[in-house]
>>> print(open('protein_10.csv').read())   # CSV, C-alpha atoms and all ligand atoms
chain,number,residue,atom,x,y,z
A,180,MET,CA,99.7,85.8,74.0
A,181,VAL,CA,102.0,84.4,76.7
A,182,VAL,CA,103.4,80.9,76.1
A,183,LEU,CA,105.6,79.4,78.7
A,184,SER,CA,107.0,76.0,79.1
A,185,GLN,CA,105.4,73.9,81.9
A,186,PRO,CA,107.4,72.5,84.7
A,187,ALA,CA,107.1,68.8,85.6
A,188,LEU,CA,104.6,68.0,88.3
A,189,GLU,CA,106.9,67.6,91.2
A,190,ASN,CA,106.1,66.6,94.8
A,191,LEU,CA,103.5,69.3,95.5
A,192,SER,CA,102.4,68.0,98.9
A,193,HIS,CA,103.8,71.2,100.6
A,194,ILE,CA,101.8,73.6,98.5
A,195,SER,CA,98.1,74.1,99.4
A,196,THR,CA,95.4,73.6,96.9
A,197,CYS,CA,91.8,74.8,96.7
A,198,LYS,CA,88.8,74.6,94.4
A,199,PHE,CA,89.1,77.8,92.3
A,200,PRO,CA,85.9,78.5,90.3
A,201,SER,CA,87.8,80.6,87.7
A,202,THR,CA,84.8,81.4,85.6
A,203,ASN,CA,82.8,82.7,88.6
A,204,PHE,CA,84.1,86.3,88.5
A,205,TYR,CA,82.9,89.0,90.9
A,206,GLU,CA,81.5,91.9,88.9
A,207,GLY,CA,81.4,94.4,91.8
A,208,ILE,CA,85.0,95.6,91.7
A,209,PRO,CA,85.0,99.4,91.4
A,210,VAL,CA,86.3,100.6,88.0
A,211,ILE,CA,87.8,104.1,88.1
A,212,ASP,CA,88.3,106.2,84.9
A,213,LEU,CA,91.1,108.5,85.9
A,214,PHE,CA,89.9,111.1,83.3
A,215,LYS,CA,86.6,111.5,85.0
A,216,PRO,CA,86.1,114.5,87.4
A,217,GLU,CA,84.4,112.2,89.9
A,218,ALA,CA,87.5,109.9,90.1
A,219,ASN,CA,88.6,111.5,93.4
A,220,THR,CA,85.5,110.6,95.4
A,221,GLU,CA,85.1,107.3,93.6
A,222,ILE,CA,88.7,106.3,94.6
A,223,VAL,CA,88.1,107.2,98.2
A,224,LYS,CA,84.9,105.2,98.3
A,225,ALA,CA,86.7,102.2,96.8
A,226,CYS,CA,89.6,102.4,99.3
A,227,GLN,CA,87.1,102.5,102.2
A,228,GLU,CA,84.8,99.7,100.9
A,229,PHE,CA,87.3,97.4,99.2
A,230,GLY,CA,90.9,98.6,99.6
A,231,PHE,CA,91.0,97.7,95.9
A,232,PHE,CA,89.9,99.0,92.5
A,233,LYS,CA,90.7,98.8,88.9
A,234,VAL,CA,91.9,101.9,86.9
A,235,ILE,CA,91.2,102.6,83.3
A,236,ASN,CA,92.5,105.6,81.2
A,237,HIS,CA,95.6,105.3,83.2
A,238,GLY,CA,98.0,106.9,80.8
A,239,VAL,CA,100.8,104.2,81.1
A,240,PRO,CA,102.0,103.5,77.5
A,241,LEU,CA,101.1,100.0,76.3
A,242,GLU,CA,104.5,99.8,74.8
A,243,PHE,CA,106.2,99.8,78.2
A,244,ILE,CA,103.9,97.1,79.4
A,245,THR,CA,104.3,94.8,76.4
A,246,LYS,CA,108.1,95.3,76.3
A,247,LEU,CA,108.5,94.4,79.9
A,248,GLU,CA,106.1,91.4,79.7
A,249,GLY,CA,108.2,90.2,76.7
A,250,GLU,CA,111.4,90.4,78.8
A,251,ALA,CA,109.7,88.7,81.8
A,252,VAL,CA,108.4,85.8,79.5
A,253,LYS,CA,111.9,85.5,78.0
A,254,PHE,CA,113.4,85.2,81.4
A,255,PHE,CA,110.9,82.7,82.8
A,256,ASN,CA,111.3,80.5,79.7
A,257,LEU,CA,115.0,80.0,80.3
A,258,PRO,CA,116.2,76.6,81.5
A,259,GLN,CA,116.1,76.3,85.3
A,260,PRO,CA,119.9,76.3,85.7
A,261,GLU,CA,120.1,79.6,83.8
A,262,LYS,CA,117.4,81.2,86.0
A,263,GLU,CA,119.2,80.0,89.1
A,264,LYS,CA,122.3,82.0,88.0
A,265,VAL,CA,120.5,85.1,89.2
A,266,ARG,CA,121.2,85.8,92.8
A,267,PRO,CA,118.6,84.4,95.2
A,268,ALA,CA,115.8,86.6,96.4
A,269,LYS,CA,117.4,87.3,99.8
A,270,PRO,CA,116.1,89.9,99.7
A,271,PHE,CA,116.4,90.7,95.9
A,272,GLY,CA,116.8,88.3,93.1
A,273,TYR,CA,115.2,85.1,91.7
A,274,GLY,CA,112.8,83.0,93.8
A,275,ASN,CA,111.2,79.7,93.1
A,276,LYS,CA,108.3,78.4,95.3
A,277,ARG,CA,109.7,79.9,98.5
A,278,ILE,CA,108.2,83.3,99.4
A,279,GLY,CA,110.0,85.4,102.0
A,280,GLN,CA,112.3,83.8,104.6
A,281,ASN,CA,109.9,82.3,107.0
A,282,GLY,CA,108.7,79.1,105.4
A,283,ASP,CA,105.9,80.2,103.0
A,284,VAL,CA,105.7,78.4,99.7
A,285,GLY,CA,103.5,78.7,96.6
A,286,TRP,CA,103.3,77.6,93.0
A,287,ILE,CA,105.2,80.6,91.8
A,288,GLU,CA,108.6,81.7,90.5
A,289,TYR,CA,109.5,85.4,90.5
A,290,LEU,CA,112.0,88.2,90.3
A,291,LEU,CA,112.0,90.5,93.3
A,292,LEU,CA,113.7,93.8,92.5
A,293,ASN,CA,114.6,97.0,94.3
A,294,THR,CA,113.9,100.1,92.2
A,295,ASN,CA,115.3,102.7,94.5
A,296,PRO,CA,117.9,104.6,92.5
A,297,GLU,CA,120.1,104.9,95.5
A,298,LEU,CA,120.4,101.2,96.0
A,299,VAL,CA,120.3,100.1,92.4
A,300,TYR,CA,124.1,99.7,92.1
A,301,GLU,CA,124.6,98.0,95.5
A,302,LYS,CA,121.8,95.5,95.1
A,303,ALA,CA,121.7,95.2,91.3
A,304,VAL,CA,120.3,91.9,90.0
A,305,THR,CA,121.9,90.7,86.8
A,306,ILE,CA,119.7,88.9,84.4
A,307,PRO,CA,121.1,86.3,81.9
A,308,GLY,CA,121.1,87.6,78.3
A,309,ASP,CA,120.7,91.3,77.8
A,310,SER,CA,120.5,92.5,81.4
A,311,GLU,CA,120.8,96.2,80.3
A,312,LEU,CA,117.8,95.9,78.1
A,313,PHE,CA,115.8,94.1,80.8
A,314,TRP,CA,116.6,96.9,83.3
A,315,SER,CA,115.8,99.6,80.8
A,316,CYS,CA,112.3,98.0,80.3
A,317,VAL,CA,111.9,97.8,84.1
A,318,ASN,CA,112.9,101.4,84.6
A,319,ASP,CA,110.6,102.7,81.9
A,320,TYR,CA,107.7,100.7,83.3
A,321,VAL,CA,108.3,101.5,86.9
A,322,SER,CA,108.7,105.3,86.2
A,323,ALA,CA,105.4,105.4,84.3
A,324,VAL,CA,103.5,103.3,86.9
A,325,ARG,CA,105.0,105.3,89.8
A,326,SER,CA,103.8,108.5,88.2
A,327,MET,CA,100.3,107.0,87.8
A,328,ALA,CA,100.3,105.8,91.4
A,329,CYS,CA,101.3,109.4,92.5
A,330,ASP,CA,98.4,110.8,90.5
A,331,VAL,CA,96.1,108.4,92.3
A,332,LEU,CA,97.5,109.4,95.7
A,333,ASP,CA,96.9,113.1,94.8
A,334,MET,CA,93.3,112.3,93.9
A,335,ILE,CA,93.0,110.5,97.2
A,336,ALA,CA,94.2,113.7,99.0
A,337,ASP,CA,91.6,115.7,97.0
A,338,GLY,CA,88.9,113.2,97.7
A,339,LEU,CA,89.6,113.3,101.4
A,340,LYS,CA,89.8,117.1,101.2
A,341,ILE,CA,93.2,117.2,102.9
A,342,GLY,CA,96.3,119.2,102.0
A,343,PRO,CA,98.9,119.6,100.8
A,344,ARG,CA,97.8,117.7,97.7
A,345,ASN,CA,101.1,115.8,97.6
A,346,VAL,CA,100.9,114.8,101.3
A,347,LEU,CA,100.9,111.1,100.2
A,348,SER,CA,102.5,111.2,96.7
A,349,ARG,CA,105.7,112.9,98.0
A,350,LEU,CA,106.5,109.7,99.8
A,351,LEU,CA,106.7,107.8,96.5
A,352,ARG,CA,108.3,110.6,94.6
A,353,ASP,CA,111.1,110.9,97.2
A,354,GLU,CA,114.4,109.6,95.8
A,355,LYS,CA,114.8,107.5,99.0
A,356,SER,CA,111.3,106.0,98.5
A,357,ASP,CA,111.6,102.3,99.4
A,358,ALA,CA,109.8,100.8,96.5
A,359,VAL,CA,109.8,97.1,95.5
A,360,PHE,CA,109.0,95.6,92.2
A,361,ARG,CA,108.1,92.0,91.5
A,362,LEU,CA,107.6,90.0,88.3
A,363,ASN,CA,105.7,86.8,89.1
A,364,HIS,CA,105.1,83.7,87.0
A,365,TYR,CA,102.5,81.3,88.1
A,366,PRO,CA,102.9,78.1,85.9
A,367,PRO,CA,99.7,76.3,85.1
A,368,CYS,CA,98.8,73.1,86.9
A,369,PRO,CA,96.9,71.0,84.3
A,370,GLU,CA,97.6,67.6,85.8
A,371,LEU,CA,96.4,68.5,89.2
A,372,GLN,CA,93.3,70.2,87.9
A,373,ALA,CA,92.5,67.2,85.7
A,374,LEU,CA,93.0,64.8,88.6
A,375,SER,CA,91.3,66.6,91.4
A,376,GLY,CA,89.5,69.7,90.0
A,377,ARG,CA,91.7,71.7,92.4
A,378,ASN,CA,94.2,74.5,91.8
A,379,LEU,CA,97.5,75.3,93.5
A,380,ILE,CA,98.0,78.3,95.7
A,381,GLY,CA,100.4,80.6,93.9
A,382,PHE,CA,100.7,83.3,96.5
A,383,GLY,CA,98.9,82.8,99.8
A,384,GLU,CA,96.6,85.3,101.4
A,385,HIS,CA,98.3,88.4,102.7
A,386,THR,CA,98.2,92.2,102.8
A,387,ASP,CA,100.9,94.4,101.4
A,388,PRO,CA,102.9,96.3,104.0
A,389,GLN,CA,103.5,99.4,101.8
A,390,ILE,CA,101.3,102.4,101.0
A,391,ILE,CA,99.9,101.4,97.6
A,392,SER,CA,100.5,98.5,95.1
A,393,VAL,CA,99.8,98.6,91.4
A,394,VAL,CA,99.2,95.2,89.8
A,395,ARG,CA,99.1,94.4,86.1
A,396,SER,CA,98.7,90.8,84.8
A,397,ASN,CA,98.3,89.1,81.5
A,398,ASN,CA,94.8,87.8,80.6
A,399,THR,CA,94.9,84.9,83.0
A,400,SER,CA,92.7,84.6,86.1
A,401,GLY,CA,93.9,83.8,89.6
A,402,LEU,CA,93.7,86.9,91.7
A,403,GLN,CA,91.2,86.9,94.5
A,404,ILE,CA,90.4,89.6,97.1
A,405,SER,CA,88.7,89.3,100.5
A,406,LEU,CA,85.6,91.5,100.9
A,407,LYS,CA,84.8,93.3,104.2
A,408,ASP,CA,82.6,90.3,105.3
A,409,GLY,CA,85.5,87.9,104.7
A,410,THR,CA,84.1,86.4,101.4
A,411,TRP,CA,86.8,85.6,98.8
A,412,VAL,CA,85.9,86.7,95.3
A,413,SER,CA,87.7,86.3,91.9
A,414,VAL,CA,88.9,89.3,90.1
A,415,PRO,CA,88.2,89.2,86.3
A,416,PRO,CA,91.6,89.6,84.6
A,417,ASP,CA,92.1,92.6,82.4
A,418,GLN,CA,95.5,93.0,80.7
A,419,TYR,CA,94.8,96.6,79.6
A,420,SER,CA,94.0,97.9,83.1
A,421,PHE,CA,95.8,98.2,86.5
A,422,PHE,CA,94.5,97.0,89.8
A,423,ILE,CA,95.4,99.0,92.9
A,424,ASN,CA,95.7,97.7,96.5
A,425,VAL,CA,95.6,99.8,99.6
A,426,GLY,CA,98.6,98.7,101.8
A,427,ASP,CA,99.0,98.5,105.6
A,428,SER,CA,100.8,101.9,105.7
A,429,LEU,CA,97.9,103.7,104.0
A,430,GLN,CA,95.4,102.1,106.4
A,431,VAL,CA,97.5,103.6,109.2
A,432,MET,CA,97.8,107.0,107.6
A,433,THR,CA,94.0,107.2,107.2
A,434,ASN,CA,93.6,106.0,110.8
A,435,GLY,CA,91.7,102.9,109.6
A,436,ARG,CA,89.4,104.7,107.2
A,437,PHE,CA,91.0,102.8,104.3
A,438,ARG,CA,91.2,99.0,104.2
A,439,SER,CA,94.5,97.2,103.5
A,440,VAL,CA,93.0,94.5,101.4
A,441,LYS,CA,93.7,90.8,101.9
A,442,HIS,CA,94.4,89.1,98.6
A,443,ARG,CA,95.8,85.8,97.2
A,444,VAL,CA,96.6,84.2,93.9
A,445,PHE,CA,95.8,80.7,92.5
A,446,ALA,CA,97.7,79.2,89.6
A,447,ASP,CA,95.4,78.7,86.6
A,448,GLY,CA,94.6,75.1,85.5
A,449,LEU,CA,95.7,75.8,81.9
A,450,LYS,CA,97.5,79.1,81.4
A,451,SER,CA,100.5,80.8,82.7
A,452,ARG,CA,99.8,83.9,84.8
A,453,VAL,CA,102.5,86.6,84.5
A,454,SER,CA,102.0,89.7,86.7
A,455,MET,CA,104.1,92.8,87.5
A,456,ILE,CA,103.6,94.6,90.8
A,457,TYR,CA,105.0,97.9,91.9
A,458,LEU,CA,104.8,98.3,95.7
A,459,GLY,CA,105.2,101.9,96.6
A,460,GLY,CA,106.7,102.5,100.1
A,461,PRO,CA,108.0,105.6,101.9
A,462,PRO,CA,111.6,106.4,102.7
A,463,LEU,CA,112.9,104.1,105.5
A,464,ASP,CA,113.1,106.9,108.2
A,465,GLU,CA,109.5,108.1,107.5
A,466,LYS,CA,107.1,108.1,110.4
A,467,ILE,CA,103.9,106.2,109.6
A,468,ALA,CA,101.1,107.8,111.5
A,469,PRO,CA,97.6,109.1,110.8
A,470,LEU,CA,97.7,112.3,108.7
A,471,SER,CA,97.1,115.2,111.0
A,472,SER,CA,95.0,117.1,108.4
A,473,LEU,CA,92.6,114.1,108.3
A,474,MET,CA,92.1,113.7,112.0
A,475,GLU,CA,88.9,115.1,113.5
A,476,GLU,CA,88.9,117.0,116.7
A,477,GLY,CA,89.5,114.6,119.6
A,478,GLU,CA,90.2,111.6,117.3
A,479,GLU,CA,93.0,109.4,118.6
A,480,SER,CA,95.4,107.3,116.6
A,481,LEU,CA,94.5,103.6,116.5
A,482,TYR,CA,98.2,102.8,116.2
A,483,LYS,CA,101.4,103.2,118.1
A,484,GLU,CA,104.1,105.4,116.5
A,485,PHE,CA,106.5,103.7,114.2
A,486,THR,CA,108.8,104.3,111.2
A,487,TRP,CA,108.5,102.5,107.9
A,488,CYS,CA,111.9,100.9,108.7
A,489,GLU,CA,110.5,99.5,112.0
A,490,TYR,CA,107.4,98.2,110.4
A,491,LYS,CA,109.2,96.6,107.5
A,492,LYS,CA,111.6,94.8,109.8
A,493,SER,CA,108.8,93.5,111.9
A,494,ALA,CA,106.7,92.5,108.8
A,495,TYR,CA,109.6,90.6,107.2
A,496,LYS,CA,109.7,88.4,110.4
A,497,THR,CA,106.1,87.4,109.9
A,498,ARG,CA,104.4,84.6,107.9
A,499,LEU,CA,102.5,85.7,104.8
A,500,GLY,CA,99.0,85.2,106.3
A,501,ASP,CA,99.8,86.9,109.6
A,502,ASN,CA,98.1,90.2,110.7
A,503,ARG,CA,101.2,92.4,110.7
A,504,LEU,CA,99.5,95.5,111.9
A,505,LYS,CA,98.3,93.9,115.2
A,506,PHE,CA,101.7,94.5,116.8
A,507,PHE,CA,101.2,98.2,116.2
A,508,GLU,CA,97.6,98.6,117.2
A,509,LYS,CA,96.9,100.5,120.5
A,510,SER,CA,95.2,98.1,122.9
A,601,LIG,C1,104.0,91.0,100.5
A,601,LIG,C2,104.0,92.1,99.5
A,601,LIG,C3,105.3,92.1,98.6
A,601,LIG,O1,105.2,91.1,97.6
A,601,LIG,C4,106.6,91.8,99.4
A,601,LIG,C5,106.4,90.4,100.1
A,601,LIG,C6,107.6,89.9,101.0
A,601,LIG,C7,108.5,88.9,100.2
A,601,LIG,O2,108.0,88.3,99.2
A,601,LIG,O3,109.6,88.8,100.5
A,601,LIG,C8,106.9,89.2,102.2
A,601,LIG,C9,105.5,89.7,102.2
A,601,LIG,C10,105.4,90.8,101.2
A,601,LIG,C11,105.0,90.2,103.6
A,601,LIG,C12,105.5,89.3,104.8
A,601,LIG,C13,106.9,88.7,104.5
A,601,LIG,C14,107.6,89.6,103.5
A,601,LIG,C15,107.0,87.7,102.3
A,601,LIG,C16,106.8,87.5,103.8
A,601,LIG,C17,106.4,86.3,104.3
A,601,LIG,C18,107.8,91.9,98.6
A,601,LIG,C19,106.6,92.7,100.7
A,601,LIG,O4,107.1,93.8,100.7
A,601,LIG,O5,105.9,92.1,101.7
>>> encode(input="protein_10.csv", output="structure tokens")
Amino acid sequence: MVVLSQPALENLSHISTCKFPSTNFYEGIPVIDLFKPEANTEIVKACQEFGFFKVINHGVPLEFITKLEGEAVKFFNLPQPEKEKVRPAKPFGYGNKRIGQNGDVGWIEYLLLNTNPELVYEKAVTIPGDSELFWSCVNDYVSAVRSMACDVLDMIADGLKIGPRNVLSRLLRDEKSDAVFRLNHYPPCPELQALSGRNLIGFGEHTDPQIISVVRSNNTSGLQISLKDGTWVSVPPDQYSFFINVGDSLQVMTNGRFRSVKHRVFADGLKSRVSMIYLGGPPLDEKIAPLSSLMEEGEESLYKEFTWCEYKKSAYKTRLGDNRLKFFEKS
């Protein structure tokens, strides 16, 4: 079980709140067993309908997950001045309440890390205590999760009946793949919940700019996704499974067939939520465009041409809740 110390209730007027019916879970989230032969088609269907699904039988060793969670809890439990010794998340490091550089805030603290082997030395983030142990846990976890994400992308190619099979996964396997990894801690907000029955927004609504994101959290609720009709639903937590989000880049590469899913996170009233997210992006110079093998005769791209670097630069100038793809849609 995760036990973390609670921060004092500070002036929270700048962080939005909302009624969060945490027990009212949505039961319609697709669950994909990666061992089943039908997984390919089920994943494609889930990406079209929801842009989101849960995977079981994922093959990521539980040991990697629990070790990294232990390191994350150790870090977030440090006294505030110790945590602030880590370089600020501009772009990589420790962040507290501020998200990105454009004024977004939430009831969250986090470590934002770059896991690209080429940049690791240049942008290395040192963690108080045993930083080497911390990084070895991150690397074990990220390698296993990346490999599972690549399997999922290969199954997507199979399900879409396009080739080569690694047309998507090669982008994450590339040593220049621009992947980001975040460890999030959403402290509970018991006083606020007791006073008003409301919960604090931990991470406001947004889509992920990358290709695919793999989320794992402890057994605390908080994650919500937006369905096609705009309804927000709560995702039942499951510490033994992973949740996968379609990102903006995969929406473009499938020419809008897949949905980049809007999601947000509330802080729980009583429990700490700790999540770990691998966001798999392509190399910076990669062109993001609909896959030619998927396009039907006469079908035109819905998007202007751009590279991942161009999209990322533009996305990082936006606010969390903005529609980042709209600048790249053909009118
Ligand atoms: C959303 C997905 C990832 O967490 C992230 C976020 C990034 C950040 O936290 O710095 C951004 C956000 C995310 C999209 C818009 C910009 C950039 C905060 C923000 C307001 C690491 C990412 O790649 O894009």
>>> residues_near_ligand(input="protein_10.csv", ligand="ligand LIG 601 (chain A)", cutoff="6 Å", atoms="all atoms listed in the file", output="PDB file with C-alpha atoms, in the coordinates of the input")
ATOM      1  CA  ILE A 278     108.200  83.300  99.400  1.00  0.00           C
ATOM      2  CA  GLY A 279     110.000  85.400 102.000  1.00  0.00           C
ATOM      3  CA  ASN A 281     109.900  82.300 107.000  1.00  0.00           C
ATOM      4  CA  ASP A 387     100.900  94.400 101.400  1.00  0.00           C
ATOM      5  CA  PRO A 388     102.900  96.300 104.000  1.00  0.00           C
ATOM      6  CA  ALA A 494     106.700  92.500 108.800  1.00  0.00           C
ATOM      7  CA  TYR A 495     109.600  90.600 107.200  1.00  0.00           C
ATOM      8  CA  THR A 497     106.100  87.400 109.900  1.00  0.00           C
ATOM      9  CA  ARG A 498     104.400  84.600 107.900  1.00  0.00           C
ATOM     10  CA  LEU A 499     102.500  85.700 104.800  1.00  0.00           C
TER      11      LEU A 499
END
>>> closest_residue(input="protein_10.csv", among="A:Phe445, A:Val453, A:Pro240, A:Asn378", to="Phe254 (chain A)", atoms="only C-alpha atoms")
A:Val453
>>> closest_residue(input="protein_10.csv", among="A:Val346, A:Val223, A:Glu288, A:Asn502", to="Asn256 (chain A)", atoms="all atoms listed in the file")
A:Glu288
>>> residues_near_point(input="protein_10.csv", point="(92.4, 107.0, 82.3)", cutoff="9 Å", atoms="all atoms listed in the file", output="PyMOL selection string")
chain A and resi 211-215+234-239
>>> closest_residue(input="protein_10.csv", among="A:Asp408, A:Glu384, A:Glu489, A:Glu476", to="Phe229 (chain A)", atoms="all atoms listed in the file")
A:Asp408
>>> residues_around(input="protein_10.csv", residues="Gly383 (chain A)", least_positions_apart="2", cutoff="7 Å", atoms="all atoms listed in the file", output="VMD selection string")
chain A and resid 285 380 to 381 385 443 to 444 499 to 500
>>> closest_residue(input="protein_10.csv", among="A:Tyr490, A:Phe421, A:Tyr482, A:Tyr365", to="Ile390 (chain A)", atoms="all atoms listed in the file")
A:Tyr490
>>> build_atoms(input="protein_10.csv", residues="region 438-461 of chain A", atoms="N, CA and C atoms", output="PDB file, in the coordinates of the input")
ATOM      1  N   ARG A 438      90.965 100.372 103.900  1.00  0.00           N
ATOM      2  CA  ARG A 438      91.200  99.000 104.200  1.00  0.00           C
ATOM      3  C   ARG A 438      92.445  98.461 103.483  1.00  0.00           C
ATOM      4  N   SER A 439      93.393  97.908 104.198  1.00  0.00           N
ATOM      5  CA  SER A 439      94.500  97.200 103.500  1.00  0.00           C
ATOM      6  C   SER A 439      93.914  95.856 103.124  1.00  0.00           C
ATOM      7  N   VAL A 440      93.804  95.620 101.835  1.00  0.00           N
ATOM      8  CA  VAL A 440      93.000  94.500 101.400  1.00  0.00           C
ATOM      9  C   VAL A 440      93.791  93.167 101.381  1.00  0.00           C
ATOM     10  N   LYS A 441      93.123  92.131 101.903  1.00  0.00           N
ATOM     11  CA  LYS A 441      93.700  90.800 101.900  1.00  0.00           C
ATOM     12  C   LYS A 441      93.526  90.245 100.464  1.00  0.00           C
ATOM     13  N   HIS A 442      94.568  89.672  99.898  1.00  0.00           N
ATOM     14  CA  HIS A 442      94.400  89.100  98.600  1.00  0.00           C
ATOM     15  C   HIS A 442      95.307  87.842  98.452  1.00  0.00           C
ATOM     16  N   ARG A 443      95.036  87.027  97.427  1.00  0.00           N
ATOM     17  CA  ARG A 443      95.800  85.800  97.200  1.00  0.00           C
ATOM     18  C   ARG A 443      95.708  85.461  95.713  1.00  0.00           C
ATOM     19  N   VAL A 444      96.575  84.560  95.279  1.00  0.00           N
ATOM     20  CA  VAL A 444      96.600  84.200  93.900  1.00  0.00           C
ATOM     21  C   VAL A 444      96.629  82.686  93.709  1.00  0.00           C
ATOM     22  N   PHE A 445      95.764  82.156  92.842  1.00  0.00           N
ATOM     23  CA  PHE A 445      95.800  80.700  92.500  1.00  0.00           C
ATOM     24  C   PHE A 445      96.477  80.589  91.123  1.00  0.00           C
ATOM     25  N   ALA A 446      97.171  79.478  90.944  1.00  0.00           N
ATOM     26  CA  ALA A 446      97.700  79.200  89.600  1.00  0.00           C
ATOM     27  C   ALA A 446      96.469  78.720  88.771  1.00  0.00           C
ATOM     28  N   ASP A 447      96.482  79.061  87.502  1.00  0.00           N
ATOM     29  CA  ASP A 447      95.400  78.700  86.600  1.00  0.00           C
ATOM     30  C   ASP A 447      95.601  77.199  86.221  1.00  0.00           C
ATOM     31  N   GLY A 448      94.488  76.529  85.866  1.00  0.00           N
ATOM     32  CA  GLY A 448      94.600  75.100  85.500  1.00  0.00           C
ATOM     33  C   GLY A 448      95.359  74.986  84.146  1.00  0.00           C
ATOM     34  N   LEU A 449      95.203  75.955  83.261  1.00  0.00           N
ATOM     35  CA  LEU A 449      95.700  75.800  81.900  1.00  0.00           C
ATOM     36  C   LEU A 449      96.733  76.798  81.422  1.00  0.00           C
ATOM     37  N   LYS A 450      96.626  78.020  81.958  1.00  0.00           N
ATOM     38  CA  LYS A 450      97.500  79.100  81.400  1.00  0.00           C
ATOM     39  C   LYS A 450      98.450  79.648  82.390  1.00  0.00           C
ATOM     40  N   SER A 451      99.579  80.124  81.872  1.00  0.00           N
ATOM     41  CA  SER A 451     100.500  80.800  82.700  1.00  0.00           C
ATOM     42  C   SER A 451      99.992  82.183  83.101  1.00  0.00           C
ATOM     43  N   ARG A 452     100.163  82.527  84.368  1.00  0.00           N
ATOM     44  CA  ARG A 452      99.800  83.900  84.800  1.00  0.00           C
ATOM     45  C   ARG A 452     101.131  84.643  84.984  1.00  0.00           C
ATOM     46  N   VAL A 453     101.263  85.794  84.343  1.00  0.00           N
ATOM     47  CA  VAL A 453     102.500  86.600  84.500  1.00  0.00           C
ATOM     48  C   VAL A 453     101.967  87.971  85.060  1.00  0.00           C
ATOM     49  N   SER A 454     102.482  88.380  86.217  1.00  0.00           N
ATOM     50  CA  SER A 454     102.000  89.700  86.700  1.00  0.00           C
ATOM     51  C   SER A 454     103.245  90.528  87.111  1.00  0.00           C
ATOM     52  N   MET A 455     103.021  91.828  87.140  1.00  0.00           N
ATOM     53  CA  MET A 455     104.100  92.800  87.500  1.00  0.00           C
ATOM     54  C   MET A 455     103.478  93.708  88.557  1.00  0.00           C
ATOM     55  N   ILE A 456     104.183  93.838  89.659  1.00  0.00           N
ATOM     56  CA  ILE A 456     103.600  94.600  90.800  1.00  0.00           C
ATOM     57  C   ILE A 456     104.625  95.626  91.279  1.00  0.00           C
ATOM     58  N   TYR A 457     104.165  96.866  91.283  1.00  0.00           N
ATOM     59  CA  TYR A 457     105.000  97.900  91.900  1.00  0.00           C
ATOM     60  C   TYR A 457     104.404  98.180  93.273  1.00  0.00           C
ATOM     61  N   LEU A 458     105.256  98.056  94.288  1.00  0.00           N
ATOM     62  CA  LEU A 458     104.800  98.300  95.700  1.00  0.00           C
ATOM     63  C   LEU A 458     105.470  99.541  96.182  1.00  0.00           C
ATOM     64  N   GLY A 459     104.683 100.607  96.270  1.00  0.00           N
ATOM     65  CA  GLY A 459     105.200 101.900  96.600  1.00  0.00           C
ATOM     66  C   GLY A 459     105.294 102.117  98.113  1.00  0.00           C
ATOM     67  N   GLY A 460     106.521 102.239  98.620  1.00  0.00           N
ATOM     68  CA  GLY A 460     106.700 102.500 100.100  1.00  0.00           C
ATOM     69  C   GLY A 460     107.399 103.804 100.291  1.00  0.00           C
ATOM     70  N   PRO A 461     107.347 104.307 101.521  1.00  0.00           N
ATOM     71  CA  PRO A 461     108.000 105.600 101.900  1.00  0.00           C
ATOM     72  C   PRO A 461     109.476 105.425 102.115  1.00  0.00           C
TER      73      PRO A 461
END
